[in-house]
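Everything on this sheet refers to the single structure shown next.
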Amino acid sequence: MEEILPRLWLSDSLDGWAASRSGSHYVINVADMEMNRLADINIPMVKMWRADDEVMVPRITLEIVVHAIHCACTMQPLPVLVHCQAGIERSPLAVTAYVAMMRGVTMAEAFAIVAAKRPQVSNCLDWVK
């Protein structure tokens, strides 16, 4: 579990479940299938397949997740934890989009910030077209 920005954490489902149970964080789950029934918000970021067999996440889904992160970070007294199943693809993509919005940087620059804090993340920037 890594702090990407002040009060914004990124992790996998194990830490997500633990934070949900303990009440230590406001939890946003973006896993595509695995619902965290204790999470504060579940927004499935479902990977979709394009005709060329490449993965994509609909931009509107990403915008909804970024809005949820922003609302949670500005309105909740608890730190915010964003997680997916492994904490490698979906949640880093969501947090990257949020960092880009908040810092006014490109997605590539935001990804570099996220990857510096959580090196195991996959670069999924090409999922968003």
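We label chains A, B, ... in the order they appear in the structure tokens, count residues from 1 in each chain, and number ligands from 1 in the order shown.
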Practice problem: May I have the residues within 7 Å of A:Ile41 as a ChimeraX atom specification, using only C-alpha atoms and disregarding those fewer than 2 positions away in the same chain? | Solution: /A:27-29,39,43
Self-check item: strand (DSSP E) positions in chain A, given as number ranges by chain
Solution: A: 2-5, 8-11, 26-29, 41-42, 48-49, 55-56, 80-83
Practice problem: Name the residues of stretch 2-129 of chain A that fall into alpha helix (DSSP H) according to DSSP on the backbone, using the chain letters and numbers of this document, as an MDAnalysis selection string. | Solution: chainID A and resid 13:22 59:75 90:103 107:117
Self-check item: Residue nearest A:Trp17 among A:Arg37, A:Ala112, A:Thr74, A:Val66 (counting only C-alpha atoms)
Solution: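 Closest residue, counting only C-alpha atoms: A:Arg37.
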Practice problem: Measure the distance from atom CA of A:Trp127 to atom CA of A:Val55 in Å and round it to one decimal. | Solution: 5.6 Å
Report as a JSON list (two decimals) with N, CA, C and O atoms, in the first residue's frame all protein, DNA and RNA residues lying within 7 Å of A:Gln85, evaluated on only C-alpha atoms, omitting residues in the same chain fewer than 4 positions from it.
[["chain", "number", "residue", "atom", "x", "y", "z"],
["A", 12, "ASP", "N", -3.80, -3.13, -3.56],
["A", 12, "ASP", "CA", -4.51, -4.28, -4.13],
["A", 12, "ASP", "C", -5.71, -4.63, -3.25],
["A", 12, "ASP", "O", -5.99, -3.96, -2.26],
["A", 13, "SER", "N", -6.41, -5.70, -3.64],
["A", 13, "SER", "CA", -7.65, -6.04, -2.93],
["A", 13, "SER", "C", -7.41, -6.49, -1.48],
["A", 13, "SER", "O", -8.26, -6.25, -0.62],
["A", 31, "ALA", "N", -12.00, -2.78, -9.18],
["A", 31, "ALA", "CA", -11.84, -4.10, -9.80],
["A", 31, "ALA", "C", -13.00, -4.35, -10.75],
["A", 31, "ALA", "O", -14.11, -3.87, -10.53]]
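The gap separating atom CA of A:Pro6 from atom CA of A:Cys124 is 23.2 Å, in Å to one decimal.
Minimum atom-to-atom distances from A:Met1, A:Val105, A:Ala94, A:Ala110 to A:Arg59 were compared using only C-alpha atoms, and the lowest value belongs to A:Ala94.
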Quiz prompt | Who sits within 10 Å of A:Val65, only C-alpha atoms, same chain under 3 positions skipped, as a ChimeraX atom specification | solution = /A:28-30,41-45,59-62,68-71,82,91,94-95,97-98
Practice problem: Give me the residues within 12 Å of A:Val114 as a PyMOL selection string, counting only C-alpha atoms and dropping any in the same chain fewer than 5 places off. | Solution: chain A and resi 2-5+8-11+87-89+91-100+107-109+119-123
Practice problem: Tell me, in Å to one decimal, how far atom CA of A:Ser24 is from atom CA of A:Arg90. | Solution: 22.0 Å
